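**Student:** Quick one: structure below, then a few questions.
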Amino acid sequence: MSAERSEDVTVRVDRSERAGARAPAIPGARRAALLRYGLALGAGALLSCAFAPFHWWPLAIVCPAILIWLWEDATARRAAGLGFWFGFGTFAAGTYWLYVAIHTVGHAPVWLTLVVALALMGLMAAYHALTGYVVVRFWPAGPVRWLLAAPAVWLLLEWLRGWLLSGFPWLSLGYTQTGTALAHLAPLAGVYGVSLVLLASAGSVVALARGTARVRILAAAVLVAPWLASAALGGTAWTHSSGAPVSVAVVQGDIPQQEKWQADHSERILERYQRMTESAFGTKLIVWPESALPDLINNLLPYVAHLDREARAHGSSLVLGTERAALHDGHYDYYNSILALGRQASWYDKDHLVPLVEYVPLPRFVLHWLERMNLPSSSFTPGGRHQKPLPVAGLELGPTVCYEVAYGGYMLHMLPKANVLVNVTDDAWFGNTSELPQQFQMARMRAQEEGRYLVVATDDGVSGVIGPQGQVIARAPIRVPYVLRSAVVPMAGMTPFARAGNGLAVGLAGVGLAAALATALRRRV
């Protein structure tokens, strides 16, 4: 072998040895990164257990604290990845019922179901990714990040996802506290105010673990003070009764979603609702769920008129969830509505519609063109934001349909005139999943924010009556036909939240963000 060839072999051997020496470091780094992503995913999934039906509310502090801790030595890009997998875990575990609604009940193909569900989960996770990127990009690890920046940025983006692109406020952190002492803050600052306290508490946990002695004292105060303040507010009555109790009955028909719109089941459905309603005659207010009638009400006027006459003869008034058509400018508009039948009929038409489910987000002229071409174009028309309460049974009902109840502050324009709230919904789409108790949990938050009794009428659960402090007064068993009897009291007055809406919570987060930015700028100067 020549010296030149021997040298070439030696060089190759040296390079091979160096590559071999580096090889274990790469898998080790990847393994550590995967472990951190896996921990973020697991913490996010575990966070879903803080909500109904599990109510493991301390996880609403522990799980965000884990993510803030994972951001400690991460780059901004890696923090975004950690935030994404945390958020994906939360929404994958917390909204798995989308699969049931789209595929099991809606009969969509599995591939399409997965595309839609994963797209929504990915979009929601993107908010957490943006949170991680912004927090780590602009603030170094330390008390400013833990106690100001992370809670403020997280809360503002949680608020943003509650309305941007129609909004999806599901699994906002504050809902985890219905039934705890911290919920007494809801009449002050709403669900986002409770979320902000939880996020500040999560940052305090990290500060207690990693801060100096002085920082730990501050963190302990931030952690404890809101609970003491909330406990002190526990006996505060922000609103007061303005009349005698009114008896109420909720008719939970328990009609399978697959049968509701089939013509051969229509007569049986109408007979069931009539029979159950007649058993409640004598109750002042009788409430049906969303789209209880198995056809447009336009086609069932004799049935409704007969039931209304019988109800009034027994001293009862009906509130019906129904779909209706109205002729406007030569074409029909369709509405998802509530009809209140008292001395006079009054309507509420659902305004916040579900994109791609209740309406197609296309201009009206495009929808009309689709109709002329006999192409699919079915879409509900929004009812408008400035509708009035429904006068019935001596009450002024502040109505919401289905997941409108998920939007904090959405119906405040009806206060103070509305003295009782009502929500009609059809949750038969979701089977016996966590969606049912999650939506009922959000209804409890609405009652407490607005200081009103709230009647919840669903097709198969959870139906119930909620008091003005979020307490469950009566609740029907799920997945069975049931007539729930209870009473509500008309309430007057306005909570601080009813006056300011989400402004206080968002304002506090804005102040925290401004303080964090000012500190960051001073350090750079």
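Just remember, in the structure tokens the first chain shown is A, the second B, etc., residues are 1-based per chain, and ligands are 1-based in the order shown.
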Applying 8 Å and only C-alpha atoms, which residues near Gly342 of chain A remain after dropping the ones on its own chain fewer than 5 positions away? List them as a list of chain:residue names.
**Tutor:**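 After dropping sequence-adjacent residues, the list is A:Arg312, A:Ser317, A:Leu318, A:Pro391, A:Val392, A:Ala393.
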**Student:** Restrict the selected residues to all heavy atoms and save them as a PDB file, in the first residue's frame.
**Tutor:**
```pdb
ATOM      1  N   ARG A 312    -102.494  27.251  28.038  1.00  0.00           N
ATOM      2  CA  ARG A 312    -103.053  28.467  28.629  1.00  0.00           C
ATOM      3  C   ARG A 312    -104.304  28.160  29.447  1.00  0.00           C
ATOM      4  O   ARG A 312    -104.563  28.819  30.455  1.00  0.00           O
ATOM      5  CB  ARG A 312    -103.354  29.480  27.524  1.00  0.00           C
ATOM      6  CG  ARG A 312    -102.081  30.144  27.014  1.00  0.00           C
ATOM      7  CD  ARG A 312    -102.337  31.320  26.101  1.00  0.00           C
ATOM      8  NE  ARG A 312    -102.766  30.887  24.768  1.00  0.00           N
ATOM      9  CZ  ARG A 312    -103.962  31.125  24.256  1.00  0.00           C
ATOM     10  NH1 ARG A 312    -104.880  31.765  24.967  1.00  0.00           N
ATOM     11  NH2 ARG A 312    -104.261  30.718  23.039  1.00  0.00           N
ATOM     12  N   SER A 317     -97.464  28.561  30.267  1.00  0.00           N
ATOM     13  CA  SER A 317     -96.943  29.202  29.061  1.00  0.00           C
ATOM     14  C   SER A 317     -95.807  28.354  28.505  1.00  0.00           C
ATOM     15  O   SER A 317     -95.006  27.794  29.274  1.00  0.00           O
ATOM     16  CB  SER A 317     -96.435  30.615  29.371  1.00  0.00           C
ATOM     17  OG  SER A 317     -97.488  31.442  29.828  1.00  0.00           O
ATOM     18  N   LEU A 318     -95.733  28.281  27.182  1.00  0.00           N
ATOM     19  CA  LEU A 318     -94.748  27.431  26.522  1.00  0.00           C
ATOM     20  C   LEU A 318     -93.606  28.255  25.930  1.00  0.00           C
ATOM     21  O   LEU A 318     -93.829  29.346  25.382  1.00  0.00           O
ATOM     22  CB  LEU A 318     -95.410  26.632  25.394  1.00  0.00           C
ATOM     23  CG  LEU A 318     -96.557  25.691  25.772  1.00  0.00           C
ATOM     24  CD1 LEU A 318     -97.107  25.025  24.519  1.00  0.00           C
ATOM     25  CD2 LEU A 318     -96.079  24.644  26.766  1.00  0.00           C
ATOM     26  N   PRO A 391     -90.968  38.176  26.701  1.00  0.00           N
ATOM     27  CA  PRO A 391     -91.936  38.321  27.798  1.00  0.00           C
ATOM     28  C   PRO A 391     -92.874  37.124  27.850  1.00  0.00           C
ATOM     29  O   PRO A 391     -93.653  36.885  26.929  1.00  0.00           O
ATOM     30  CB  PRO A 391     -92.689  39.608  27.421  1.00  0.00           C
ATOM     31  CG  PRO A 391     -92.594  39.665  25.923  1.00  0.00           C
ATOM     32  CD  PRO A 391     -91.321  38.995  25.528  1.00  0.00           C
ATOM     33  N   VAL A 392     -92.812  36.348  28.927  1.00  0.00           N
ATOM     34  CA  VAL A 392     -93.645  35.150  29.045  1.00  0.00           C
ATOM     35  C   VAL A 392     -93.742  34.770  30.520  1.00  0.00           C
ATOM     36  O   VAL A 392     -92.777  34.910  31.278  1.00  0.00           O
ATOM     37  CB  VAL A 392     -93.062  33.987  28.200  1.00  0.00           C
ATOM     38  CG1 VAL A 392     -91.663  33.595  28.667  1.00  0.00           C
ATOM     39  CG2 VAL A 392     -93.984  32.790  28.177  1.00  0.00           C
ATOM     40  N   ALA A 393     -94.915  34.294  30.929  1.00  0.00           N
ATOM     41  CA  ALA A 393     -95.167  33.826  32.298  1.00  0.00           C
ATOM     42  C   ALA A 393     -94.806  34.888  33.345  1.00  0.00           C
ATOM     43  O   ALA A 393     -94.358  34.549  34.445  1.00  0.00           O
ATOM     44  CB  ALA A 393     -94.407  32.526  32.563  1.00  0.00           C
TER      45      ALA A 393
END
```
**Student:** May I have the residues within 8 Å of Glu450 of chain A as a list in words, using only C-alpha atoms and disregarding those fewer than 6 positions away in the same chain?
**Tutor:**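 Contacts, in chain order: Pro187, Leu412, Pro468, Met494, Thr495, Phe497 and Ala498 of chain A.
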**Student:** Contacts of Ile66 of chain A at 9 Å or less, counting only C-alpha atoms, minus same-chain residues fewer than 4 places along, as a ChimeraX atom specification?
**Tutor:** /A:39-40,43,61-62,70-71,202,206
**Student:** Could you write out the selected residues, including C-alpha atoms, as a PDB file, in the first residue's frame?
**Tutor:**
```
ATOM      1  CA  LEU A  39     -44.408  16.032  28.860  1.00  0.00           C
ATOM      2  CA  ALA A  40     -46.050  19.099  27.321  1.00  0.00           C
ATOM      3  CA  ALA A  43     -49.714  18.009  30.778  1.00  0.00           C
ATOM      4  CA  ILE A  61     -52.827  25.666  38.065  1.00  0.00           C
ATOM      5  CA  VAL A  62     -50.447  22.692  37.972  1.00  0.00           C
ATOM      6  CA  LEU A  70     -40.721  23.762  30.288  1.00  0.00           C
ATOM      7  CA  TRP A  71     -40.180  27.153  28.651  1.00  0.00           C
ATOM      8  CA  ALA A 202     -49.350  28.944  37.798  1.00  0.00           C
ATOM      9  CA  VAL A 206     -42.821  28.302  39.072  1.00  0.00           C
TER      10      VAL A 206
END
```
**Student:** Within segment 135-240 of chain A, find each residue whose DSSP state, derived from the backbone, is alpha helix (DSSP H), and express the selection as an MDAnalysis selection string.
**Tutor:** chainID A and resid 135:138 143:144 150:161 186:210 213:232
**Student:** Could the residues in this selection be saved with C-alpha atoms as a PDB file, in the first residue's frame?
**Tutor:**
```
ATOM      1  CA  VAL A 135     -43.180  34.923  26.064  1.00  0.00           C
ATOM      2  CA  VAL A 136     -39.754  33.361  25.475  1.00  0.00           C
ATOM      3  CA  ARG A 137     -38.812  35.697  22.615  1.00  0.00           C
ATOM      4  CA  PHE A 138     -39.277  38.897  24.613  1.00  0.00           C
ATOM      5  CA  PRO A 143     -40.092  36.781  37.892  1.00  0.00           C
ATOM      6  CA  VAL A 144     -41.226  39.197  35.162  1.00  0.00           C
ATOM      7  CA  ALA A 150     -46.792  34.578  30.733  1.00  0.00           C
ATOM      8  CA  PRO A 151     -50.172  35.138  32.489  1.00  0.00           C
ATOM      9  CA  ALA A 152     -50.909  38.309  30.480  1.00  0.00           C
ATOM     10  CA  VAL A 153     -50.030  36.946  27.048  1.00  0.00           C
ATOM     11  CA  TRP A 154     -51.798  33.621  27.723  1.00  0.00           C
ATOM     12  CA  LEU A 155     -54.975  35.353  28.907  1.00  0.00           C
ATOM     13  CA  LEU A 156     -55.093  37.819  26.003  1.00  0.00           C
ATOM     14  CA  LEU A 157     -54.747  35.007  23.480  1.00  0.00           C
ATOM     15  CA  GLU A 158     -57.368  32.935  25.315  1.00  0.00           C
ATOM     16  CA  TRP A 159     -59.703  35.909  25.035  1.00  0.00           C
ATOM     17  CA  LEU A 160     -58.755  36.325  21.360  1.00  0.00           C
ATOM     18  CA  ARG A 161     -59.637  32.745  20.451  1.00  0.00           C
ATOM     19  CA  ALA A 186     -66.936  35.668  38.259  1.00  0.00           C
ATOM     20  CA  PRO A 187     -69.522  38.418  38.993  1.00  0.00           C
ATOM     21  CA  LEU A 188     -66.599  40.868  39.064  1.00  0.00           C
ATOM     22  CA  ALA A 189     -64.421  39.902  36.115  1.00  0.00           C
ATOM     23  CA  GLY A 190     -66.114  36.959  34.399  1.00  0.00           C
ATOM     24  CA  VAL A 191     -64.583  33.718  33.241  1.00  0.00           C
ATOM     25  CA  TYR A 192     -61.487  35.472  31.847  1.00  0.00           C
ATOM     26  CA  GLY A 193     -60.863  37.168  35.164  1.00  0.00           C
ATOM     27  CA  VAL A 194     -60.847  33.744  36.818  1.00  0.00           C
ATOM     28  CA  SER A 195     -58.526  32.485  34.065  1.00  0.00           C
ATOM     29  CA  LEU A 196     -56.109  35.338  34.744  1.00  0.00           C
ATOM     30  CA  VAL A 197     -55.963  34.460  38.438  1.00  0.00           C
ATOM     31  CA  LEU A 198     -55.248  30.815  37.611  1.00  0.00           C
ATOM     32  CA  LEU A 199     -52.461  31.774  35.205  1.00  0.00           C
ATOM     33  CA  ALA A 200     -50.891  34.133  37.744  1.00  0.00           C
ATOM     34  CA  SER A 201     -51.105  31.267  40.248  1.00  0.00           C
ATOM     35  CA  ALA A 202     -49.350  28.944  37.798  1.00  0.00           C
ATOM     36  CA  GLY A 203     -46.560  31.500  37.344  1.00  0.00           C
ATOM     37  CA  SER A 204     -46.330  31.804  41.122  1.00  0.00           C
ATOM     38  CA  VAL A 205     -45.808  28.059  41.452  1.00  0.00           C
ATOM     39  CA  VAL A 206     -42.821  28.302  39.072  1.00  0.00           C
ATOM     40  CA  ALA A 207     -41.516  31.330  40.964  1.00  0.00           C
ATOM     41  CA  LEU A 208     -41.773  29.452  44.263  1.00  0.00           C
ATOM     42  CA  ALA A 209     -39.719  26.624  42.777  1.00  0.00           C
ATOM     43  CA  ARG A 210     -37.043  28.696  41.004  1.00  0.00           C
ATOM     44  CA  ALA A 213     -36.212  34.273  48.633  1.00  0.00           C
ATOM     45  CA  ARG A 214     -37.607  37.716  47.856  1.00  0.00           C
ATOM     46  CA  VAL A 215     -39.336  36.479  44.693  1.00  0.00           C
ATOM     47  CA  ARG A 216     -40.806  33.551  46.602  1.00  0.00           C
ATOM     48  CA  ILE A 217     -42.416  35.870  49.131  1.00  0.00           C
ATOM     49  CA  LEU A 218     -43.992  37.867  46.291  1.00  0.00           C
ATOM     50  CA  ALA A 219     -45.101  34.669  44.542  1.00  0.00           C
ATOM     51  CA  ALA A 220     -46.718  33.344  47.713  1.00  0.00           C
ATOM     52  CA  ALA A 221     -48.702  36.567  48.047  1.00  0.00           C
ATOM     53  CA  VAL A 222     -49.833  36.387  44.398  1.00  0.00           C
ATOM     54  CA  LEU A 223     -50.850  32.776  44.916  1.00  0.00           C
ATOM     55  CA  VAL A 224     -52.842  33.262  48.121  1.00  0.00           C
ATOM     56  CA  ALA A 225     -54.363  36.754  47.835  1.00  0.00           C
ATOM     57  CA  PRO A 226     -56.995  36.014  45.143  1.00  0.00           C
ATOM     58  CA  TRP A 227     -58.335  33.048  47.087  1.00  0.00           C
ATOM     59  CA  LEU A 228     -58.701  35.139  50.231  1.00  0.00           C
ATOM     60  CA  ALA A 229     -60.385  37.939  48.288  1.00  0.00           C
ATOM     61  CA  SER A 230     -62.718  35.520  46.546  1.00  0.00           C
ATOM     62  CA  ALA A 231     -63.663  33.823  49.808  1.00  0.00           C
ATOM     63  CA  ALA A 232     -64.455  37.244  51.296  1.00  0.00           C
TER      64      ALA A 232
END
```
**Student:** Quick check, in Å to one decimal: how far apart do atom CA of Trp69 of chain A and atom CA of His55 of chain A lie?
**Tutor:**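 These atoms are spaced 23.7 Å apart.
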**Student:** Which residues are near Met276 of chain A? Cut-off 12 Å, only C-alpha atoms, ignore same chain within fewer than 2 positions. Put them as a VMD selection string.
**Tutor:** chain A and resid 249 to 254 269 to 274 278 to 281 286 to 288 307 481 to 485
**Student:** When DSSP is applied to the backbone of this structure, which of segment 207-451 of chain A are assigned strand (DSSP E)? Write them out as a ChimeraX atom specification.
**Tutor:** /A:240-241,246-252,285-287,317-328,331-341,345-349,390-392,395-401,420-425
**Student:** What is the distance, in Å and to one decimal place, between atom CA of Gly162 of chain A and atom CA of Ala406 of chain A?
**Tutor:**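 Distance reported for this atom pair: 9.0 Å.
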**Student:** What is the distance, in Å and to one decimal place, between atom CA of Pro477 of chain A and atom CA of Ser434 of chain A?
**Tutor:**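 These atoms are spaced 14.4 Å apart.
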**Student:** Which one is closest to Thr458 of chain A: A:Glu435, A:Glu267, A:Asp308, A:Asp427? Count only C-alpha atoms.
**Tutor:** A:Asp427
**Student:** Got a sec: who's within 6 Å of Gly321 of chain A, counting only C-alpha atoms, leaving out chain neighbours fewer than 5 positions off, as a ChimeraX atom specification?
**Tutor:** /A:288-292,337-338
**Student:** Store the residues of this selection in a file with N, CA, C and O atoms, as a CSV table (one decimal), in the first residue's frame.
**Tutor:**
```
chain,number,residue,atom,x,y,z
A,288,TRP,N,-89.1,23.7,26.2
A,288,TRP,CA,-88.6,22.7,25.3
A,288,TRP,C,-87.2,23.0,24.9
A,288,TRP,O,-86.8,24.1,24.8
A,289,PRO,N,-86.4,22.0,24.4
A,289,PRO,CA,-85.0,22.2,24.0
A,289,PRO,C,-85.0,22.7,22.6
A,289,PRO,O,-86.0,22.9,21.9
A,290,GLU,N,-83.8,23.0,22.1
A,290,GLU,CA,-83.5,23.5,20.8
A,290,GLU,C,-84.1,22.5,19.7
A,290,GLU,O,-83.9,21.3,19.9
A,291,SER,N,-84.6,23.1,18.7
A,291,SER,CA,-85.2,22.3,17.5
A,291,SER,C,-85.9,21.0,18.0
A,291,SER,O,-85.7,20.0,17.4
A,292,ALA,N,-86.8,21.2,19.0
A,292,ALA,CA,-87.5,20.1,19.5
A,292,ALA,C,-88.5,19.6,18.5
A,292,ALA,O,-88.8,18.3,18.3
A,337,SER,N,-84.5,29.1,16.2
A,337,SER,CA,-85.3,30.1,17.0
A,337,SER,C,-85.8,29.5,18.3
A,337,SER,O,-85.8,28.3,18.5
A,338,ILE,N,-86.2,30.4,19.2
A,338,ILE,CA,-87.0,30.2,20.4
A,338,ILE,C,-88.3,30.9,20.2
A,338,ILE,O,-88.3,32.1,19.9
```
**Student:** Ranking A:Arg475, A:Asn432, A:Tyr37, A:Gly408 by minimum distance to Gly503 of chain A and counting only C-alpha atoms, which one comes first?
**Tutor:**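 When distances to Gly503 of chain A are compared using only C-alpha atoms, the smallest one comes from A:Gly408.
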**Student:** Given only C-alpha atoms as the basis, pick out the residue of A:Val455, A:Leu517, A:Val480, A:Val424 nearest to Lys350 of chain A.
**Tutor:**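 Looking at the shortest contact to Lys350 of chain A, the residue is A:Val424.
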**Student:** Can you tell me, as a ChimeraX atom specification, what residues are no more than 8 Å from Ser241 of chain A when counting only C-alpha atoms, ignoring any on the same chain fewer than 2 positions away?
**Tutor:** /A:239,243-244,489-492
**Student:** Write out the residues from the selection above, keeping N, CA and C atoms, as a PDB file, in the first residue's frame.
**Tutor:**
```
ATOM      1  N   THR A 239     -77.113  40.886  43.004  1.00  0.00           N
ATOM      2  CA  THR A 239     -78.453  41.131  42.491  1.00  0.00           C
ATOM      3  C   THR A 239     -79.466  40.721  43.552  1.00  0.00           C
ATOM      4  N   GLY A 243     -89.447  39.625  42.435  1.00  0.00           N
ATOM      5  CA  GLY A 243     -90.782  39.059  42.322  1.00  0.00           C
ATOM      6  C   GLY A 243     -90.856  37.706  42.990  1.00  0.00           C
ATOM      7  N   ALA A 244     -92.036  37.119  42.962  1.00  0.00           N
ATOM      8  CA  ALA A 244     -92.260  35.816  43.586  1.00  0.00           C
ATOM      9  C   ALA A 244     -91.681  34.698  42.713  1.00  0.00           C
ATOM     10  N   VAL A 489     -86.601  32.542  40.317  1.00  0.00           N
ATOM     11  CA  VAL A 489     -86.992  33.815  40.920  1.00  0.00           C
ATOM     12  C   VAL A 489     -86.488  34.931  40.019  1.00  0.00           C
ATOM     13  N   PRO A 490     -87.349  35.839  39.588  1.00  0.00           N
ATOM     14  CA  PRO A 490     -86.866  36.971  38.788  1.00  0.00           C
ATOM     15  C   PRO A 490     -85.907  37.827  39.608  1.00  0.00           C
ATOM     16  N   MET A 491     -84.819  38.259  38.981  1.00  0.00           N
ATOM     17  CA  MET A 491     -83.777  39.012  39.672  1.00  0.00           C
ATOM     18  C   MET A 491     -83.594  40.383  39.033  1.00  0.00           C
ATOM     19  N   ALA A 492     -83.252  41.353  39.863  1.00  0.00           N
ATOM     20  CA  ALA A 492     -82.974  42.713  39.399  1.00  0.00           C
ATOM     21  C   ALA A 492     -81.578  43.112  39.854  1.00  0.00           C
TER      22      ALA A 492
END
```
